[in-house]
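Here is the structure we will look at.
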Amino acid sequence: MLPDALSGRWYNSRTFDPDDPWADFAPRTTAVVLVDLINWQAHRDGFSARVASGDYKTARCEEVVVPALSRVLAAARDAGAVIVHSKLASRAADCADIVPALRAYVRAAEAWEGNWAAEPLDGLHAPGDLLVTKSGSGAFGSSDLDQVLRNLGVRTVLYAGVVTDRCVLLTAAAGFDLGYQQYLLTDCTAASTAGDQAAAERLISGYLARPVTSAEAVRAFEAG
């Protein structure tokens with residue numbers, strides 16, 4: 001059993017150090033997973049922004065998430081890490097492959113594979129990145145993400161994306177139970193409101209994924 005001071009604060013780290021978030025970090029066995037940072041979910045002209053009232057999420061993506069994440073991705077690629085874009089999109093004309101609760105939403109967004117709606121936000125995708133298509137909220141539960149990461153020898157995941165208290169949360173929760181060492185890039189994620197963002201960060205950082213900033217992640221990748 002962990003000492004009281006460490007209880008609930010271990011994040012699947014093989015070498016846990018409360019004073020050093022990167023004690024067990026190796027870039028070449030690491031993936032940066034982008035959850036739903038695609039046009040219909042996070043672009044100002046996307047479906048989500050059109051139906052939202054006072055779209056905090058889209059503004060945060062433009063002003064905070066994309067600039068911060070771009071720096072992380074550049075450092076991660078240079079360090080040999082894997083970049084995976086996980087996107088909620090349909091591969092069926094009638095969206096029958098999407099979980100029932102989200103089917104009408106995906107259909108209204110015209111989020112079919114190959115459409116602009118289902119493409120990553122400009123500037124985030126690069127040659128060599130991987131893409132996985134999910135049919136529900138959590139990327140592990142509704143795509144082949146786990147198999148892809150295991151085949152590549154990945155044991156550590158950094159999460160970016162939307163929506164922090166929904167698809168990001170459910171992906172991190174499943175990833176924890178699958179045994180991945182996990183980090184939440186706090187300034188590379190966006191919820192629907194500032195309050196939801198803060199609440200999601202508190203919940204996820206409880207034990208699912210260690211919260212870190214983009215600047216901290218860049219330094220870790222550069223240090224190797």
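Going by the structure tokens order, chains are called A, B, ..., each with residues numbered from 1, while ligands are numbered from 1 in the order shown.
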
Report the residues of region 16-136 of chain A whose backbone DSSP state falls under strand (DSSP E or B), written as a PyMOL selection string.
chain A and resi 30-35+38+82-88+90+112+120+130-134

Mind dumping the selected residues with N, CA and C atoms as a compact mmCIF listing (two decimals), in the first residue's frame?
```txt
# COMPACT_ATOMS: atom_id res chain seq x y z
N THR A 30 6.16 7.34 -25.52
CA THR A 30 5.10 8.28 -25.17
C THR A 30 4.27 8.65 -26.39
N ALA A 31 2.98 8.86 -26.18
CA ALA A 31 2.09 9.37 -27.22
C ALA A 31 1.39 10.63 -26.72
N VAL A 32 1.23 11.60 -27.59
CA VAL A 32 0.35 12.73 -27.34
C VAL A 32 -0.95 12.42 -28.07
N VAL A 33 -2.04 12.27 -27.32
CA VAL A 33 -3.32 11.92 -27.91
C VAL A 33 -4.22 13.16 -27.91
N LEU A 34 -4.63 13.56 -29.10
CA LEU A 34 -5.52 14.70 -29.28
C LEU A 34 -6.95 14.17 -29.41
N VAL A 35 -7.80 14.56 -28.50
CA VAL A 35 -9.18 14.08 -28.48
C VAL A 35 -10.11 15.13 -29.11
N ILE A 38 -10.98 18.63 -33.82
CA ILE A 38 -11.36 18.59 -35.23
C ILE A 38 -12.34 19.71 -35.50
N VAL A 82 4.98 9.63 -30.31
CA VAL A 82 3.88 9.34 -31.23
C VAL A 82 2.80 10.40 -31.07
N ILE A 83 2.25 10.87 -32.19
CA ILE A 83 1.13 11.81 -32.16
C ILE A 83 -0.09 11.10 -32.74
N VAL A 84 -1.18 11.08 -31.97
CA VAL A 84 -2.40 10.41 -32.41
C VAL A 84 -3.57 11.39 -32.35
N HIS A 85 -4.26 11.53 -33.46
CA HIS A 85 -5.47 12.35 -33.52
C HIS A 85 -6.67 11.40 -33.43
N SER A 86 -7.42 11.51 -32.35
CA SER A 86 -8.61 10.68 -32.15
C SER A 86 -9.83 11.55 -32.43
N LYS A 87 -10.68 11.12 -33.36
CA LYS A 87 -11.77 12.00 -33.79
C LYS A 87 -13.10 11.25 -33.84
N LEU A 88 -14.13 11.93 -33.38
CA LEU A 88 -15.49 11.41 -33.44
C LEU A 88 -16.05 11.70 -34.82
N SER A 90 -18.14 9.59 -38.45
CA SER A 90 -18.84 8.41 -38.94
C SER A 90 -18.21 7.87 -40.22
N TRP A 112 -18.66 13.14 -41.36
CA TRP A 112 -18.31 11.88 -42.01
C TRP A 112 -16.83 11.89 -42.36
N PRO A 120 -8.65 17.34 -38.64
CA PRO A 120 -8.01 18.04 -37.53
C PRO A 120 -7.94 19.54 -37.78
N LEU A 130 -0.68 9.79 -36.56
CA LEU A 130 -1.69 8.74 -36.75
C LEU A 130 -3.08 9.30 -36.47
N LEU A 131 -4.08 8.75 -37.15
CA LEU A 131 -5.46 9.13 -36.91
C LEU A 131 -6.27 7.89 -36.57
N VAL A 132 -7.10 7.99 -35.53
CA VAL A 132 -8.05 6.92 -35.21
C VAL A 132 -9.44 7.54 -35.16
N THR A 133 -10.41 6.81 -35.65
CA THR A 133 -11.79 7.28 -35.68
C THR A 133 -12.58 6.56 -34.60
N LYS A 134 -13.25 7.34 -33.76
CA LYS A 134 -14.02 6.74 -32.68
C LYS A 134 -15.51 6.91 -32.94
```

For region 157-168 of chain A, work out the shell of residues within 7 Å, counting only C-alpha atoms and skipping chain neighbours fewer than 5 positions away, then give it as a PDB file with all heavy atoms, in the first residue's frame.
```
ATOM      1  N   THR A  30       6.164   7.343 -25.521  1.00  0.00           N
ATOM      2  CA  THR A  30       5.101   8.284 -25.168  1.00  0.00           C
ATOM      3  C   THR A  30       4.274   8.650 -26.392  1.00  0.00           C
ATOM      4  O   THR A  30       4.806   8.747 -27.506  1.00  0.00           O
ATOM      5  CB  THR A  30       5.703   9.560 -24.555  1.00  0.00           C
ATOM      6  OG1 THR A  30       6.329   9.225 -23.303  1.00  0.00           O
ATOM      7  CG2 THR A  30       4.668  10.637 -24.331  1.00  0.00           C
ATOM      8  N   ALA A  31       2.983   8.864 -26.178  1.00  0.00           N
ATOM      9  CA  ALA A  31       2.095   9.373 -27.222  1.00  0.00           C
ATOM     10  C   ALA A  31       1.392  10.626 -26.716  1.00  0.00           C
ATOM     11  O   ALA A  31       1.012  10.704 -25.546  1.00  0.00           O
ATOM     12  CB  ALA A  31       1.058   8.335 -27.620  1.00  0.00           C
ATOM     13  N   VAL A  32       1.233  11.597 -27.594  1.00  0.00           N
ATOM     14  CA  VAL A  32       0.354  12.728 -27.341  1.00  0.00           C
ATOM     15  C   VAL A  32      -0.951  12.420 -28.072  1.00  0.00           C
ATOM     16  O   VAL A  32      -0.954  12.267 -29.295  1.00  0.00           O
ATOM     17  CB  VAL A  32       0.942  14.052 -27.839  1.00  0.00           C
ATOM     18  CG1 VAL A  32      -0.006  15.208 -27.510  1.00  0.00           C
ATOM     19  CG2 VAL A  32       2.317  14.296 -27.228  1.00  0.00           C
ATOM     20  N   VAL A  33      -2.036  12.269 -27.322  1.00  0.00           N
ATOM     21  CA  VAL A  33      -3.324  11.924 -27.914  1.00  0.00           C
ATOM     22  C   VAL A  33      -4.220  13.160 -27.909  1.00  0.00           C
ATOM     23  O   VAL A  33      -4.508  13.735 -26.853  1.00  0.00           O
ATOM     24  CB  VAL A  33      -3.999  10.777 -27.134  1.00  0.00           C
ATOM     25  CG1 VAL A  33      -5.425  10.540 -27.645  1.00  0.00           C
ATOM     26  CG2 VAL A  33      -3.170   9.497 -27.273  1.00  0.00           C
ATOM     27  N   LEU A  34      -4.627  13.562 -29.104  1.00  0.00           N
ATOM     28  CA  LEU A  34      -5.520  14.702 -29.277  1.00  0.00           C
ATOM     29  C   LEU A  34      -6.945  14.171 -29.409  1.00  0.00           C
ATOM     30  O   LEU A  34      -7.242  13.401 -30.323  1.00  0.00           O
ATOM     31  CB  LEU A  34      -5.160  15.500 -30.527  1.00  0.00           C
ATOM     32  CG  LEU A  34      -3.926  16.404 -30.484  1.00  0.00           C
ATOM     33  CD1 LEU A  34      -2.637  15.613 -30.244  1.00  0.00           C
ATOM     34  CD2 LEU A  34      -3.819  17.196 -31.775  1.00  0.00           C
ATOM     35  N   VAL A  35      -7.803  14.565 -28.499  1.00  0.00           N
ATOM     36  CA  VAL A  35      -9.182  14.080 -28.480  1.00  0.00           C
ATOM     37  C   VAL A  35     -10.108  15.127 -29.106  1.00  0.00           C
ATOM     38  O   VAL A  35     -10.278  16.228 -28.551  1.00  0.00           O
ATOM     39  CB  VAL A  35      -9.636  13.771 -27.044  1.00  0.00           C
ATOM     40  CG1 VAL A  35     -11.088  13.278 -27.038  1.00  0.00           C
ATOM     41  CG2 VAL A  35      -8.718  12.739 -26.394  1.00  0.00           C
ATOM     42  N   ASP A  36     -10.637  14.818 -30.269  1.00  0.00           N
ATOM     43  CA  ASP A  36     -11.673  15.628 -30.927  1.00  0.00           C
ATOM     44  C   ASP A  36     -11.263  17.057 -31.221  1.00  0.00           C
ATOM     45  O   ASP A  36     -12.125  17.955 -31.271  1.00  0.00           O
ATOM     46  CB  ASP A  36     -12.965  15.621 -30.106  1.00  0.00           C
ATOM     47  CG  ASP A  36     -13.644  14.263 -30.136  1.00  0.00           C
ATOM     48  OD1 ASP A  36     -13.454  13.523 -31.112  1.00  0.00           O
ATOM     49  OD2 ASP A  36     -14.371  13.937 -29.175  1.00  0.00           O
ATOM     50  N   LEU A  37      -9.989  17.302 -31.446  1.00  0.00           N
ATOM     51  CA  LEU A  37      -9.566  18.630 -31.895  1.00  0.00           C
ATOM     52  C   LEU A  37      -9.720  18.691 -33.419  1.00  0.00           C
ATOM     53  O   LEU A  37      -8.753  18.768 -34.175  1.00  0.00           O
ATOM     54  CB  LEU A  37      -8.137  18.930 -31.441  1.00  0.00           C
ATOM     55  CG  LEU A  37      -8.035  19.305 -29.961  1.00  0.00           C
ATOM     56  CD1 LEU A  37      -6.587  19.414 -29.522  1.00  0.00           C
ATOM     57  CD2 LEU A  37      -8.775  20.620 -29.669  1.00  0.00           C
ATOM     58  N   SER A 137     -17.770   8.533 -27.122  1.00  0.00           N
ATOM     59  CA  SER A 137     -17.067   9.578 -26.381  1.00  0.00           C
ATOM     60  C   SER A 137     -15.622   9.208 -26.062  1.00  0.00           C
ATOM     61  O   SER A 137     -14.687   9.916 -26.427  1.00  0.00           O
ATOM     62  CB  SER A 137     -17.829   9.888 -25.092  1.00  0.00           C
ATOM     63  OG  SER A 137     -19.110  10.390 -25.366  1.00  0.00           O
ATOM     64  N   GLY A 138     -15.410   8.112 -25.343  1.00  0.00           N
ATOM     65  CA  GLY A 138     -14.062   7.720 -24.951  1.00  0.00           C
ATOM     66  C   GLY A 138     -13.290   7.106 -26.097  1.00  0.00           C
ATOM     67  O   GLY A 138     -13.802   6.235 -26.807  1.00  0.00           O
ATOM     68  N   TYR A 180      -1.910   2.821 -18.496  1.00  0.00           N
ATOM     69  CA  TYR A 180      -1.020   3.849 -19.039  1.00  0.00           C
ATOM     70  C   TYR A 180      -0.666   4.877 -17.975  1.00  0.00           C
ATOM     71  O   TYR A 180      -1.510   5.280 -17.166  1.00  0.00           O
ATOM     72  CB  TYR A 180      -1.691   4.569 -20.216  1.00  0.00           C
ATOM     73  CG  TYR A 180      -1.845   3.710 -21.448  1.00  0.00           C
ATOM     74  CD1 TYR A 180      -3.062   3.103 -21.747  1.00  0.00           C
ATOM     75  CD2 TYR A 180      -0.778   3.491 -22.308  1.00  0.00           C
ATOM     76  CE1 TYR A 180      -3.210   2.301 -22.862  1.00  0.00           C
ATOM     77  CE2 TYR A 180      -0.921   2.697 -23.429  1.00  0.00           C
ATOM     78  CZ  TYR A 180      -2.127   2.091 -23.701  1.00  0.00           C
ATOM     79  OH  TYR A 180      -2.270   1.300 -24.807  1.00  0.00           O
ATOM     80  N   GLN A 181       0.594   5.275 -17.978  1.00  0.00           N
ATOM     81  CA  GLN A 181       1.002   6.444 -17.199  1.00  0.00           C
ATOM     82  C   GLN A 181       0.461   7.663 -17.945  1.00  0.00           C
ATOM     83  O   GLN A 181       0.672   7.790 -19.147  1.00  0.00           O
ATOM     84  CB  GLN A 181       2.525   6.525 -17.094  1.00  0.00           C
ATOM     85  CG  GLN A 181       3.026   7.760 -16.368  1.00  0.00           C
ATOM     86  CD  GLN A 181       4.542   7.818 -16.299  1.00  0.00           C
ATOM     87  OE1 GLN A 181       5.222   6.822 -16.547  1.00  0.00           O
ATOM     88  NE2 GLN A 181       5.076   8.959 -15.971  1.00  0.00           N
ATOM     89  N   GLN A 182      -0.208   8.592 -17.241  1.00  0.00           N
ATOM     90  CA  GLN A 182      -0.964   9.606 -17.946  1.00  0.00           C
ATOM     91  C   GLN A 182      -0.717  11.016 -17.414  1.00  0.00           C
ATOM     92  O   GLN A 182      -0.533  11.214 -16.214  1.00  0.00           O
ATOM     93  CB  GLN A 182      -2.470   9.289 -17.849  1.00  0.00           C
ATOM     94  CG  GLN A 182      -2.813   7.899 -18.376  1.00  0.00           C
ATOM     95  CD  GLN A 182      -4.293   7.693 -18.571  1.00  0.00           C
ATOM     96  OE1 GLN A 182      -4.723   7.424 -19.668  1.00  0.00           O
ATOM     97  NE2 GLN A 182      -5.076   7.839 -17.504  1.00  0.00           N
ATOM     98  N   TYR A 183      -0.766  11.959 -18.357  1.00  0.00           N
ATOM     99  CA  TYR A 183      -0.647  13.381 -18.055  1.00  0.00           C
ATOM    100  C   TYR A 183      -1.794  14.125 -18.737  1.00  0.00           C
ATOM    101  O   TYR A 183      -2.148  13.801 -19.876  1.00  0.00           O
ATOM    102  CB  TYR A 183       0.668  13.953 -18.575  1.00  0.00           C
ATOM    103  CG  TYR A 183       1.914  13.385 -17.952  1.00  0.00           C
ATOM    104  CD1 TYR A 183       2.491  12.215 -18.454  1.00  0.00           C
ATOM    105  CD2 TYR A 183       2.541  14.017 -16.883  1.00  0.00           C
ATOM    106  CE1 TYR A 183       3.647  11.682 -17.903  1.00  0.00           C
ATOM    107  CE2 TYR A 183       3.698  13.493 -16.322  1.00  0.00           C
ATOM    108  CZ  TYR A 183       4.253  12.328 -16.837  1.00  0.00           C
ATOM    109  OH  TYR A 183       5.392  11.812 -16.278  1.00  0.00           O
ATOM    110  N   LEU A 184      -2.331  15.112 -18.076  1.00  0.00           N
ATOM    111  CA  LEU A 184      -3.333  15.993 -18.662  1.00  0.00           C
ATOM    112  C   LEU A 184      -2.679  17.339 -18.946  1.00  0.00           C
ATOM    113  O   LEU A 184      -2.193  18.009 -18.037  1.00  0.00           O
ATOM    114  CB  LEU A 184      -4.511  16.197 -17.702  1.00  0.00           C
ATOM    115  CG  LEU A 184      -5.599  17.143 -18.208  1.00  0.00           C
ATOM    116  CD1 LEU A 184      -6.393  16.490 -19.339  1.00  0.00           C
ATOM    117  CD2 LEU A 184      -6.525  17.571 -17.073  1.00  0.00           C
ATOM    118  N   LEU A 185      -2.666  17.727 -20.218  1.00  0.00           N
ATOM    119  CA  LEU A 185      -2.126  19.029 -20.619  1.00  0.00           C
ATOM    120  C   LEU A 185      -3.207  20.074 -20.351  1.00  0.00           C
ATOM    121  O   LEU A 185      -4.110  20.274 -21.166  1.00  0.00           O
ATOM    122  CB  LEU A 185      -1.719  19.009 -22.082  1.00  0.00           C
ATOM    123  CG  LEU A 185      -0.536  18.096 -22.424  1.00  0.00           C
ATOM    124  CD1 LEU A 185      -0.469  17.826 -23.920  1.00  0.00           C
ATOM    125  CD2 LEU A 185       0.770  18.719 -21.928  1.00  0.00           C
ATOM    126  N   CYS A 188      -3.996  22.715 -22.846  1.00  0.00           N
ATOM    127  CA  CYS A 188      -4.239  22.162 -24.181  1.00  0.00           C
ATOM    128  C   CYS A 188      -5.584  21.439 -24.219  1.00  0.00           C
ATOM    129  O   CYS A 188      -5.830  20.589 -25.083  1.00  0.00           O
ATOM    130  CB  CYS A 188      -3.127  21.204 -24.590  1.00  0.00           C
ATOM    131  SG  CYS A 188      -1.501  21.983 -24.704  1.00  0.00           S
ATOM    132  N   THR A 189      -6.446  21.740 -23.259  1.00  0.00           N
ATOM    133  CA  THR A 189      -7.777  21.155 -23.199  1.00  0.00           C
ATOM    134  C   THR A 189      -8.797  22.270 -23.014  1.00  0.00           C
ATOM    135  O   THR A 189      -8.469  23.352 -22.516  1.00  0.00           O
ATOM    136  CB  THR A 189      -7.908  20.154 -22.038  1.00  0.00           C
ATOM    137  OG1 THR A 189      -7.505  20.789 -20.810  1.00  0.00           O
ATOM    138  CG2 THR A 189      -7.047  18.925 -22.270  1.00  0.00           C
ATOM    139  N   ALA A 190     -10.045  21.995 -23.418  1.00  0.00           N
ATOM    140  CA  ALA A 190     -11.097  23.003 -23.291  1.00  0.00           C
ATOM    141  C   ALA A 190     -12.425  22.334 -22.970  1.00  0.00           C
ATOM    142  O   ALA A 190     -12.778  21.316 -23.576  1.00  0.00           O
ATOM    143  CB  ALA A 190     -11.224  23.818 -24.575  1.00  0.00           C
ATOM    144  N   ALA A 191     -13.141  22.921 -22.029  1.00  0.00           N
ATOM    145  CA  ALA A 191     -14.501  22.497 -21.701  1.00  0.00           C
ATOM    146  C   ALA A 191     -15.472  23.566 -22.202  1.00  0.00           C
ATOM    147  O   ALA A 191     -15.081  24.521 -22.877  1.00  0.00           O
ATOM    148  CB  ALA A 191     -14.640  22.288 -20.200  1.00  0.00           C
ATOM    149  N   ASP A 196     -16.493  24.380 -15.784  1.00  0.00           N
ATOM    150  CA  ASP A 196     -16.393  22.973 -16.169  1.00  0.00           C
ATOM    151  C   ASP A 196     -14.938  22.574 -16.372  1.00  0.00           C
ATOM    152  O   ASP A 196     -14.529  21.459 -16.031  1.00  0.00           O
ATOM    153  CB  ASP A 196     -17.178  22.708 -17.449  1.00  0.00           C
ATOM    154  CG  ASP A 196     -18.677  22.747 -17.233  1.00  0.00           C
ATOM    155  OD1 ASP A 196     -19.119  22.719 -16.077  1.00  0.00           O
ATOM    156  OD2 ASP A 196     -19.413  22.805 -18.247  1.00  0.00           O
ATOM    157  N   GLN A 197     -14.131  23.477 -16.935  1.00  0.00           N
ATOM    158  CA  GLN A 197     -12.721  23.187 -17.140  1.00  0.00           C
ATOM    159  C   GLN A 197     -12.013  22.967 -15.811  1.00  0.00           C
ATOM    160  O   GLN A 197     -11.277  21.989 -15.633  1.00  0.00           O
ATOM    161  CB  GLN A 197     -12.045  24.333 -17.904  1.00  0.00           C
ATOM    162  CG  GLN A 197     -10.544  24.174 -18.126  1.00  0.00           C
ATOM    163  CD  GLN A 197     -10.175  23.044 -19.072  1.00  0.00           C
ATOM    164  OE1 GLN A 197     -10.981  22.664 -19.932  1.00  0.00           O
ATOM    165  NE2 GLN A 197      -8.973  22.510 -18.952  1.00  0.00           N
ATOM    166  N   ALA A 200     -13.162  19.674 -14.212  1.00  0.00           N
ATOM    167  CA  ALA A 200     -12.596  18.511 -14.888  1.00  0.00           C
ATOM    168  C   ALA A 200     -11.129  18.320 -14.523  1.00  0.00           C
ATOM    169  O   ALA A 200     -10.679  17.191 -14.307  1.00  0.00           O
ATOM    170  CB  ALA A 200     -12.754  18.661 -16.404  1.00  0.00           C
TER     171      ALA A 200
END
```

Using backbone DSSP assignments, extract all helix (DSSP H, G or I) residues from region 37-215 of chain A; output them as a PyMOL selection string.
chain A and resi 39-42+47-51+56-79+100-108+116-118+145-151+164-177+194-205+214-215

Gly224 (chain A): which residues within 12 Å, counting only C-alpha atoms, same-chain residues fewer than 3 positions away excluded, as a count of residues only?
21

May I ask which of the residues A:Ala96, A:Ala111, A:Ile204, A:Leu102 is the closest one to Thr186 (chain A), counting only C-alpha atoms?
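Closest candidate: A:Ile204.
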
Please, what distance in Å, to one decimal, runs between CA of Ala52 (chain A) and CA of Ala139 (chain A)?
23.2 Å

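Proximity to Arg91 (chain A) was assessed for A:Asp146, A:Ala104, A:Glu113, A:Leu69 counting only C-alpha atoms; the smallest distance is recorded for A:Glu113.
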
So that each row is one residue of region 94-144 of chain A with an atom at most 10 Å from region 43-49 of chain A, can you give its shortest atom pair and the distance in Å to one decimal, using only C-alpha atoms, rows by chain and rising number, as a tab-separated table?
```
residue	atom	partner	partner_atom	distance
A:Tyr105	CA	A:Phe47	CA	9.1
A:Val106	CA	A:Phe47	CA	9.2
A:Ala108	CA	A:Phe47	CA	7.8
A:Ala109	CA	A:Phe47	CA	5.2
A:Glu110	CA	A:Phe47	CA	8.4
A:Ala111	CA	A:Phe47	CA	9.2
A:Trp116	CA	A:Gly46	CA	9.2
A:Ala117	CA	A:Gly46	CA	6.8
A:Ala118	CA	A:Gly46	CA	9.8
A:Pro120	CA	A:His43	CA	9.4
A:Leu121	CA	A:His43	CA	6.9
A:Asp122	CA	A:His43	CA	9.2
```

Which residue gives the smallest distance to Ile98 (chain A) among A:Gly136, A:Pro18, A:Thr156, A:Arg202, with only C-alpha atoms counted?
A:Gly136
